[in-house]
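Trainee: Pasting start29.pdb below, which is PDB, C-alpha atoms.
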ATOM      1  CA  SER A   1       0.000   0.000   0.000
ATOM      2  CA  ALA A   2       1.096   3.595  -0.457
ATOM      3  CA  GLY A   3       2.948   5.221   2.367
ATOM      4  CA  ALA A   4       1.700   8.572   3.628
ATOM      5  CA  ARG A   5       3.816  10.913   5.690
ATOM      6  CA  SER A   6       3.232  14.536   6.603
ATOM      7  CA  GLU A   7       4.543  16.998   9.136
ATOM      8  CA  ALA A   8       3.215  20.158  10.679
ATOM      9  CA  PRO A   9       3.209  23.035   8.161
ATOM     10  CA  PRO A  10       5.164  24.019   6.263
ATOM     11  CA  SER A  11       5.124  20.609   4.584
ATOM     12  CA  ALA A  12       6.142  19.637   1.072
ATOM     13  CA  LEU A  13       4.411  16.572  -0.269
ATOM     14  CA  GLY A  14       5.072  14.882  -3.576
ATOM     15  CA  SER A  15       2.839  12.271  -5.117
ATOM     16  CA  SER A  16       4.622   9.933  -7.489
ATOM     17  CA  LEU A  17       2.181   8.452  -9.983
ATOM     18  CA  LYS A  18       4.045   5.939 -12.106
ATOM     19  CA  ALA A  19       2.962   3.966 -15.127
ATOM     20  CA  GLU A  20       4.131   0.668 -13.665
ATOM     21  CA  ASN A  21       1.520   1.004 -10.886
ATOM     22  CA  LYS A  22       3.930   1.676  -8.054
ATOM     23  CA  ASN A  23       2.080   3.697  -5.429
ATOM     24  CA  VAL A  24       4.511   6.072  -3.760
ATOM     25  CA  LEU A  25       3.962   9.214  -1.713
ATOM     26  CA  ARG A  26       7.115  11.014  -0.696
ATOM     27  CA  LYS A  27       8.307  14.328   0.686
ATOM     28  CA  LEU A  28      10.142  16.873  -1.387
ATOM     29  CA  SER A  29      13.288  18.298   0.166
ATOM     30  CA  LYS A  30      12.944  21.812   1.554
ATOM     31  CA  GLU A  31      16.077  22.700  -0.423
ATOM     32  CA  ASP A  32      14.129  22.099  -3.640
ATOM     33  CA  ILE A  33      11.104  24.215  -2.743
ATOM     34  CA  THR A  34      11.048  26.216   0.463
ATOM     35  CA  LYS A  35      14.583  27.574   0.103
ATOM     36  CA  ALA A  36      13.878  28.696  -3.448
ATOM     37  CA  LEU A  37      10.842  30.675  -2.284
ATOM     38  CA  SER A  38      12.173  32.003   1.023
ATOM     39  CA  LYS A  39      13.706  35.221  -0.283
ATOM     40  CA  ASN A  40      10.306  36.303  -1.597
ATOM     41  CA  ASN A  41       8.296  35.286   1.449
ATOM     42  CA  ARG A  42       6.382  38.175   2.983
ATOM     43  CA  LYS A  43       6.117  38.002   6.741
ATOM     44  CA  GLY A  44       2.760  36.746   7.900
ATOM     45  CA  LYS A  45       1.603  35.607   4.447
ATOM     46  CA  PRO A  46       1.282  31.937   3.410
ATOM     47  CA  LEU A  47       3.389  30.933   0.428
ATOM     48  CA  TRP A  48       0.378  30.302  -1.803
ATOM     49  CA  TYR A  49      -0.692  33.941  -1.242
ATOM     50  CA  GLN A  50       2.600  35.777  -1.576
ATOM     51  CA  THR A  51       3.382  34.505  -5.088
ATOM     52  CA  ARG A  52       0.291  36.048  -6.675
ATOM     53  CA  GLN A  53       1.566  39.413  -7.853
ATOM     54  CA  ARG A  54      -1.122  40.917 -10.064
ATOM     55  CA  LYS A  55      -0.012  44.495 -10.881
ATOM     56  CA  VAL A  56       2.052  44.887 -14.050
ATOM     57  CA  THR A  57       4.524  47.772 -14.093
ATOM     58  CA  LYS A  58       5.530  49.816 -17.132
ATOM     59  CA  GLY A  59       8.875  48.056 -17.196
ATOM     60  CA  GLN A  60       7.207  44.672 -17.132
ATOM     61  CA  LYS A  61       4.881  45.645 -19.973
ATOM     62  CA  LYS A  62       7.952  46.575 -22.021
ATOM     63  CA  ILE A  63       9.536  43.184 -21.314
ATOM     64  CA  LEU A  64       6.364  41.361 -22.325
ATOM     65  CA  ASN A  65       5.961  43.359 -25.524
ATOM     66  CA  GLN A  66       9.525  42.567 -26.532
ATOM     67  CA  TYR A  67      10.006  38.966 -25.449
ATOM     68  CA  TRP A  68       6.616  37.261 -25.011
ATOM     69  CA  PRO A  69       6.383  36.172 -28.693
ATOM     70  CA  THR A  70       9.634  34.224 -28.180
ATOM     71  CA  TYR A  71       9.120  32.716 -24.744
ATOM     72  CA  GLY A  72       5.349  32.636 -24.248
ATOM     73  CA  LYS A  73       2.061  31.416 -25.646
ATOM     74  CA  ASN A  74      -1.522  32.141 -24.601
ATOM     75  CA  ASN A  75      -5.062  31.873 -25.926
ATOM     76  CA  LYS A  76      -4.547  34.944 -28.103
ATOM     77  CA  GLU A  77      -1.258  33.782 -29.587
ATOM     78  CA  GLY A  78       0.013  30.226 -29.973
ATOM     79  CA  LEU A  79      -2.877  28.245 -28.477
ATOM     80  CA  GLU A  80      -5.357  28.208 -31.296
ATOM     81  CA  TYR A  81      -8.709  26.752 -32.263
ATOM     82  CA  ASN A  82      -8.981  25.566 -35.862
ATOM     83  CA  LYS A  83     -12.372  26.749 -37.097
ATOM     84  CA  GLU A  84     -12.192  24.633 -40.234
ATOM     85  CA  ARG A  85     -11.320  21.372 -38.480
ATOM     86  CA  LEU A  86     -13.378  22.285 -35.384
ATOM     87  CA  CYS A  87     -10.589  21.299 -33.005
ATOM     88  CA  TYR A  88      -7.837  22.841 -30.920
ATOM     89  CA  GLU A  89      -4.407  22.873 -32.493
ATOM     90  CA  PRO A  90      -1.744  20.892 -30.605
ATOM     91  CA  ILE A  91       1.611  22.547 -30.054
ATOM     92  CA  SER A  92       4.983  20.880 -30.478
ATOM     93  CA  LEU A  93       7.095  21.465 -27.378
ATOM     94  CA  GLU A  94      10.174  20.145 -29.167
ATOM     95  CA  SER A  95       9.807  22.713 -31.941
ATOM     96  CA  TRP A  96       8.965  25.504 -29.513
ATOM     97  CA  PHE A  97      12.116  25.024 -27.451
ATOM     98  CA  GLY A  98      14.335  24.121 -30.393
ATOM     99  CA  ASN A  99      17.257  23.161 -28.166
ATOM    100  CA  GLY A 100      17.386  19.439 -28.867
ATOM    101  CA  ILE A 101      16.209  18.526 -25.336
ATOM    102  CA  THR A 102      13.273  16.127 -25.261
ATOM    103  CA  LYS A 103      12.350  16.016 -21.558
ATOM    104  CA  PHE A 104       9.617  18.521 -20.742
ATOM    105  CA  ASN A 105       8.749  19.257 -17.114
ATOM    106  CA  PHE A 106       5.898  21.542 -16.057
ATOM    107  CA  GLU A 107       5.273  23.877 -13.142
ATOM    108  CA  ILE A 108       1.627  24.862 -12.771
ATOM    109  CA  GLY A 109       0.979  28.203 -11.069
ATOM    110  CA  PHE A 110       4.567  29.422 -10.815
ATOM    111  CA  GLY A 111       3.724  32.824  -9.312
ATOM    112  CA  ILE A 112       6.798  35.039  -9.794
ATOM    113  CA  GLY A 113       8.802  32.041 -10.967
ATOM    114  CA  THR A 114      11.494  31.688  -8.305
ATOM    115  CA  ALA A 115      11.243  27.903  -8.117
ATOM    116  CA  LEU A 116      10.787  27.565 -11.895
ATOM    117  CA  VAL A 117      13.977  29.491 -12.637
ATOM    118  CA  GLN A 118      15.943  27.560 -10.010
ATOM    119  CA  LEU A 119      14.741  24.213 -11.357
ATOM    120  CA  ALA A 120      15.789  25.185 -14.878
ATOM    121  CA  LEU A 121      19.216  26.393 -13.766
ATOM    122  CA  ASN A 122      19.805  23.254 -11.700
ATOM    123  CA  ASN A 123      18.727  20.949 -14.550
ATOM    124  CA  PRO A 124      20.171  22.364 -17.809
ATOM    125  CA  THR A 125      19.557  19.095 -19.707
ATOM    126  CA  GLU A 126      15.793  19.270 -19.118
ATOM    127  CA  ASN A 127      13.176  21.721 -20.372
ATOM    128  CA  PHE A 128      10.649  23.472 -18.128
ATOM    129  CA  VAL A 129       7.269  24.912 -19.062
ATOM    130  CA  GLY A 130       5.627  27.266 -16.583
ATOM    131  CA  ILE A 131       1.871  27.804 -16.566
ATOM    132  CA  GLU A 132       0.569  30.965 -14.916
ATOM    133  CA  ILE A 133      -2.249  33.426 -15.630
ATOM    134  CA  TYR A 134      -0.640  36.486 -13.978
ATOM    135  CA  ARG A 135       1.218  38.695 -16.449
ATOM    136  CA  ALA A 136       3.528  40.146 -13.817
ATOM    137  CA  GLY A 137       4.811  36.641 -13.139
ATOM    138  CA  HIS A 138       5.469  36.145 -16.851
ATOM    139  CA  ALA A 139       7.490  39.358 -16.987
ATOM    140  CA  HIS A 140       9.472  38.471 -13.881
ATOM    141  CA  VAL A 141      10.529  35.104 -15.313
ATOM    142  CA  ILE A 142      11.325  36.484 -18.768
ATOM    143  CA  LYS A 143      13.586  39.090 -17.161
ATOM    144  CA  GLU A 144      15.477  36.246 -15.457
ATOM    145  CA  ILE A 145      15.628  34.305 -18.730
ATOM    146  CA  VAL A 146      17.153  37.228 -20.598
ATOM    147  CA  GLU A 147      19.568  38.338 -17.884
ATOM    148  CA  LYS A 148      20.833  34.827 -17.103
ATOM    149  CA  GLY A 149      20.740  33.440 -20.621
ATOM    150  CA  ILE A 150      18.354  30.601 -19.734
ATOM    151  CA  SER A 151      17.382  28.532 -22.777
ATOM    152  CA  ASN A 152      15.249  25.805 -21.185
ATOM    153  CA  ILE A 153      12.170  27.742 -19.987
ATOM    154  CA  ARG A 154       8.970  28.574 -21.858
ATOM    155  CA  LEU A 155       5.759  30.079 -20.459
ATOM    156  CA  LEU A 156       2.044  29.524 -20.964
ATOM    157  CA  GLY A 157      -0.576  32.095 -20.004
ATOM    158  CA  CYS A 158      -3.613  29.859 -19.920
ATOM    159  CA  ASP A 159      -5.800  27.517 -17.914
ATOM    160  CA  ALA A 160      -3.747  24.406 -17.090
ATOM    161  CA  ILE A 161      -6.646  21.976 -17.344
ATOM    162  CA  LYS A 162      -7.626  23.271 -20.786
ATOM    163  CA  PHE A 163      -4.035  23.102 -22.012
ATOM    164  CA  PHE A 164      -3.501  19.489 -20.986
ATOM    165  CA  SER A 165      -6.908  18.558 -22.381
ATOM    166  CA  ARG A 166      -6.622  20.376 -25.712
ATOM    167  CA  HIS A 167      -3.109  21.259 -26.835
ATOM    168  CA  LEU A 168      -0.521  18.824 -25.473
ATOM    169  CA  GLN A 169       0.732  16.185 -27.892
ATOM    170  CA  GLU A 170       4.065  15.009 -26.434
ATOM    171  CA  LYS A 171       4.649  12.941 -23.335
ATOM    172  CA  ILE A 172       5.998  14.973 -20.430
ATOM    173  CA  GLY A 173       8.233  14.474 -17.412
ATOM    174  CA  ASN A 174       7.742  15.776 -13.886
ATOM    175  CA  VAL A 175       4.935  18.156 -12.928
ATOM    176  CA  TYR A 176       5.359  20.611 -10.040
ATOM    177  CA  VAL A 177       2.519  22.382  -8.252
ATOM    178  CA  MET A 178       4.129  24.678  -5.683
ATOM    179  CA  PHE A 179       1.884  26.029  -2.961
ATOM    180  CA  PRO A 180      -1.412  26.190  -4.880
ATOM    181  CA  ASP A 181      -4.273  28.301  -3.605
ATOM    182  CA  PRO A 182      -6.028  25.954  -1.123
ATOM    183  CA  TRP A 183      -9.475  27.504  -1.747
ATOM    184  CA  MET A 184     -10.766  26.737   1.702
ATOM    185  CA  ARG A 185     -14.342  26.531   3.005
ATOM    186  CA  SER A 186     -17.010  27.242   0.381
ATOM    187  CA  ASN A 187     -14.554  27.409  -2.535
ATOM    188  CA  VAL A 188     -13.140  23.894  -2.293
ATOM    189  CA  GLN A 189     -14.567  23.051  -5.735
ATOM    190  CA  ARG A 190     -12.168  25.595  -7.266
ATOM    191  CA  ARG A 191      -9.054  23.690  -6.229
ATOM    192  CA  LEU A 192      -6.703  22.762  -9.051
ATOM    193  CA  ILE A 193      -5.887  19.342  -7.638
ATOM    194  CA  SER A 194      -8.741  16.924  -8.120
ATOM    195  CA  GLU A 195      -9.020  13.251  -8.927
ATOM    196  CA  GLU A 196      -9.937  14.056 -12.534
ATOM    197  CA  PHE A 197      -7.000  16.431 -13.026
ATOM    198  CA  VAL A 198      -4.474  14.025 -11.503
ATOM    199  CA  VAL A 199      -5.690  11.286 -13.860
ATOM    200  CA  LEU A 200      -5.423  13.724 -16.802
ATOM    201  CA  LEU A 201      -1.844  14.629 -15.889
ATOM    202  CA  HIS A 202      -0.878  11.000 -15.444
ATOM    203  CA  SER A 203      -2.159  10.167 -18.932
ATOM    204  CA  HIS A 204       0.461  12.546 -20.369
ATOM    205  CA  MET A 205       3.413  11.596 -18.134
ATOM    206  CA  THR A 206       6.205   9.225 -19.096
ATOM    207  CA  THR A 207       7.102   6.146 -17.061
ATOM    208  CA  GLY A 208       9.101   7.184 -14.010
ATOM    209  CA  SER A 209       7.864  10.787 -13.957
ATOM    210  CA  SER A 210       6.394  12.269 -10.784
ATOM    211  CA  LEU A 211       3.790  14.785  -9.708
ATOM    212  CA  PHE A 212       5.156  16.986  -6.920
ATOM    213  CA  ILE A 213       2.698  19.002  -4.844
ATOM    214  CA  SER A 214       3.876  21.291  -2.054
ATOM    215  CA  THR A 215       1.809  23.178   0.513
ATOM    216  CA  ASP A 216       2.191  25.014   3.806
ATOM    217  CA  ARG A 217      -1.259  23.945   4.999
ATOM    218  CA  GLN A 218      -1.654  20.606   6.728
ATOM    219  CA  ASP A 219      -5.347  20.320   5.848
ATOM    220  CA  TYR A 220      -4.531  20.761   2.156
ATOM    221  CA  ALA A 221      -1.739  18.200   2.438
ATOM    222  CA  ASP A 222      -4.262  15.737   3.868
ATOM    223  CA  TYR A 223      -6.606  16.519   0.988
ATOM    224  CA  VAL A 224      -3.846  15.826  -1.575
ATOM    225  CA  GLN A 225      -2.987  12.535   0.098
ATOM    226  CA  LYS A 226      -6.630  11.510  -0.141
ATOM    227  CA  ILE A 227      -6.807  12.376  -3.850
ATOM    228  CA  VAL A 228      -3.611  10.461  -4.626
ATOM    229  CA  ALA A 229      -4.841   7.446  -2.680
ATOM    230  CA  GLN A 230      -8.106   7.487  -4.645
ATOM    231  CA  VAL A 231      -6.286   7.605  -7.978
ATOM    232  CA  ASN A 232      -3.833   4.871  -7.007
ATOM    233  CA  GLY A 233      -6.671   2.751  -5.686
ATOM    234  CA  LYS A 234      -8.376   2.875  -9.091
ATOM    235  CA  GLY A 235      -5.207   1.902 -10.918
ATOM    236  CA  GLY A 236      -4.487   5.397 -12.204
ATOM    237  CA  GLY A 237      -0.981   5.620 -10.798
TER     238      GLY A 237
END
Re-express the file's structure as structure tokens.

Mentor:
Amino acid sequence: SAGARSEAPPSALGSSLKAENKNVLRKLSKEDITKALSKNNRKGKPLWYQTRQRKVTKGQKKILNQYWPTYGKNNKEGLEYNKERLCYEPISLESWFGNGITKFNFEIGFGIGTALVQLALNNPTENFVGIEIYRAGHAHVIKEIVEKGISNIRLLGCDAIKFFSRHLQEKIGNVYVMFPDPWMRSNVQRRLISEEFVVLLHSHMTTGSSLFISTDRQDYADYVQKIVAQVNGKGGG
């Protein structure tokens, strides 16, 4: 049976859903997640809250105008619906990156991108796609890409569920969900992590890839463990 371990918040839980039906639930190291986010942590604010920077400055708008066509895609540009064929056009990650690397990892909801950038720098032989709806976060990451000469990051400004359902054609590697909004109380139905979404992700992941989910709320960690157990119990992991 799957092991389940959690500690008092902040906790970092990773659910490993593997094609060979091995049910594993393990912790991520704090060095991988918490350390990467610590310099941006605002006192008294949970990590899921502090990463959601909404206001776009003039400088950020300039960055987006100049570099978004190269590093980003959204529903207005790059993620298209074919009116003649009545279907959504898939995108080729291999062509988009163009760097000869064929492993594609995803971070969903990267906020201002601190963890995303660190993951890419630490793993130069793997590609990373960040999904985030906030334009300020896009600009922040692109600035890092340009200044540090990072070639293995691309960004999507779209709904993650719709992207994985409509546009993805290649198999992917690891998926990271760092401190998602827990949507407590009456908004639980708005949570990103659900049994259906975990099954959808798993259908796109290569053998040996893992889904990592981190949170600083124990109740959300318990919720994630329950979802993973349900998926594994039905043979989805």

Trainee: Just checking: using only C-alpha atoms, which residue out of A:Arg190, A:Lys171, A:Lys226, A:Lys234 ends up closest to Thr102 of chain A?

Mentor: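 Ranked by minimum distance to Thr102 of chain A, first place goes to A:Lys171.
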
Trainee: Interatomic distance between atom CA of Asn152 of chain A and atom CA of Ala136 of chain A?

Mentor: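 Atom CA of Asn152 of chain A sits 19.9 Å away from atom CA of Ala136 of chain A.
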
Trainee: Just to confirm, what's the straight-line distance from atom CA of Tyr81 of chain A to atom CA of Leu155 of chain A in Å (one decimal)?

Mentor: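 These atoms are spaced 19.0 Å apart.
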
Trainee: Pick the closest to Ile153 of chain A from A:Gln169, A:Gln60, A:Thr70, A:Asn75: which is it, counting only C-alpha atoms?

Mentor: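 Once distances to Ile153 of chain A are computed over only C-alpha atoms, the minimum belongs to A:Thr70.
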
Trainee: Would you mind telling me which residue in A:Leu200, A:Ala229, A:Ile213, A:Ala115 lies nearest to Arg166 of chain A when using only C-alpha atoms?

Mentor: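 Once distances to Arg166 of chain A are computed over only C-alpha atoms, the minimum belongs to A:Leu200.
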
Trainee: Write out as a CSV table (one decimal) with C-alpha atoms, in the frame of the given file each polymer residue whose atoms come within 12 Å of Leu64 of chain A, counting all atoms listed in the file; drop sequence neighbours fewer than 6 positions from it.

Mentor:
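The new file part13.csv reads:
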chain,number,residue,atom,x,y,z
A,56,VAL,CA,2.1,44.9,-14.0
A,57,THR,CA,4.5,47.8,-14.1
A,58,LYS,CA,5.5,49.8,-17.1
A,70,THR,CA,9.6,34.2,-28.2
A,71,TYR,CA,9.1,32.7,-24.7
A,72,GLY,CA,5.3,32.6,-24.2
A,73,LYS,CA,2.1,31.4,-25.6
A,134,TYR,CA,-0.6,36.5,-14.0
A,135,ARG,CA,1.2,38.7,-16.4
A,136,ALA,CA,3.5,40.1,-13.8
A,137,GLY,CA,4.8,36.6,-13.1
A,138,HIS,CA,5.5,36.1,-16.9
A,139,ALA,CA,7.5,39.4,-17.0
A,140,HIS,CA,9.5,38.5,-13.9
A,141,VAL,CA,10.5,35.1,-15.3
A,142,ILE,CA,11.3,36.5,-18.8
A,143,LYS,CA,13.6,39.1,-17.2
A,146,VAL,CA,17.2,37.2,-20.6
A,155,LEU,CA,5.8,30.1,-20.5
A,157,GLY,CA,-0.6,32.1,-20.0

Trainee: Looking at only C-alpha atoms, which of A:Ser214, A:Ser203, A:Ser165, A:Ser209 is the one that sits closest to Tyr88 of chain A?

Mentor: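 Checking each of A:Ser214, A:Ser203, A:Ser165, A:Ser209 against Tyr88 of chain A, counting only C-alpha atoms, the winner is A:Ser165.
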
Trainee: Using all atoms listed in the file, give me every residue within 9 Å of (-4.4, 20.7, -25.8) in file coordinates, as a list of chain:residue names.

Mentor: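 Protein and nucleic acid residues near the point are A:Leu79, A:Tyr88, A:Glu89, A:Pro90, A:Ile91, A:Ile161, A:Lys162, A:Phe163, A:Phe164, A:Ser165, A:Arg166, A:His167, A:Leu168, A:Gln169.
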
Trainee: In Å, how far is it from atom CA of Ile227 of chain A to atom CA of Ser194 of chain A?

Mentor: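 Computed distance, atom CA of Ile227 of chain A to atom CA of Ser194 of chain A, equals 6.5 Å.
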
Trainee: Which residues come within 7 Å of Gly130 of chain A, counting all atoms listed in the file, excluding same-chain residues fewer than 4 positions away, as JSON, numbers by chain?

Mentor: {"A": [106, 107, 108, 110, 116, 154, 155, 156]}

Trainee: To box segment 64-67 of chain A, take all atoms listed in the file, fit an axis-aligned box, add 5 Å on each side, and give centre and edge lengths in Å to one decimal, as JSON.

Mentor:
{"center_x": 8.0, "center_y": 41.2, "center_z": -24.4, "size_x": 14.0, "size_y": 14.4, "size_z": 14.2}

Trainee: Fewer than 3 positions away in the same chain doesn't count, so skip those; otherwise give me all residues within 10 Å of Ser151 of chain A, counting all atoms listed in the file, as a CSV table (one decimal) with C-alpha atoms, in the coordinates of the input.

Mentor:
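Produced file part_12.csv, reproduced below:
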chain,number,residue,atom,x,y,z
A,71,TYR,CA,9.1,32.7,-24.7
A,97,PHE,CA,12.1,25.0,-27.5
A,98,GLY,CA,14.3,24.1,-30.4
A,99,ASN,CA,17.3,23.2,-28.2
A,120,ALA,CA,15.8,25.2,-14.9
A,121,LEU,CA,19.2,26.4,-13.8
A,124,PRO,CA,20.2,22.4,-17.8
A,127,ASN,CA,13.2,21.7,-20.4
A,128,PHE,CA,10.6,23.5,-18.1
A,145,ILE,CA,15.6,34.3,-18.7
A,146,VAL,CA,17.2,37.2,-20.6
A,148,LYS,CA,20.8,34.8,-17.1
A,154,ARG,CA,9.0,28.6,-21.9

Trainee: Translate the PyMOL selection byres ((chain A and resi 205-207) around 7), as applied to the file shown, into an explicit residue set as a PDB file with C-alpha atoms, in the coordinates of the input.

Mentor:
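Below is the file that was written, expr37.pdb:
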ATOM      1  CA  LYS A  18       4.045   5.939 -12.106  1.00  0.00           C
ATOM      2  CA  ALA A  19       2.962   3.966 -15.127  1.00  0.00           C
ATOM      3  CA  LYS A 171       4.649  12.941 -23.335  1.00  0.00           C
ATOM      4  CA  ILE A 172       5.998  14.973 -20.430  1.00  0.00           C
ATOM      5  CA  GLY A 173       8.233  14.474 -17.412  1.00  0.00           C
ATOM      6  CA  LEU A 201      -1.844  14.629 -15.889  1.00  0.00           C
ATOM      7  CA  HIS A 202      -0.878  11.000 -15.444  1.00  0.00           C
ATOM      8  CA  SER A 203      -2.159  10.167 -18.932  1.00  0.00           C
ATOM      9  CA  HIS A 204       0.461  12.546 -20.369  1.00  0.00           C
ATOM     10  CA  GLY A 208       9.101   7.184 -14.010  1.00  0.00           C
ATOM     11  CA  SER A 209       7.864  10.787 -13.957  1.00  0.00           C
TER      12      SER A 209
END

Trainee: Using only C-alpha atoms for the distances, tell me which of A:Gln218, A:Gly109, A:Gly233, A:Ile63 is nearest to Glu144 of chain A.

Mentor: A:Ile63

Trainee: Which is closest to Pro180 of chain A among A:Thr215, A:Ser95, A:Gln225, A:Asn105, if we use all atoms listed in the file?

Mentor: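 Closest to Pro180 of chain A, using all atoms listed in the file: A:Thr215.
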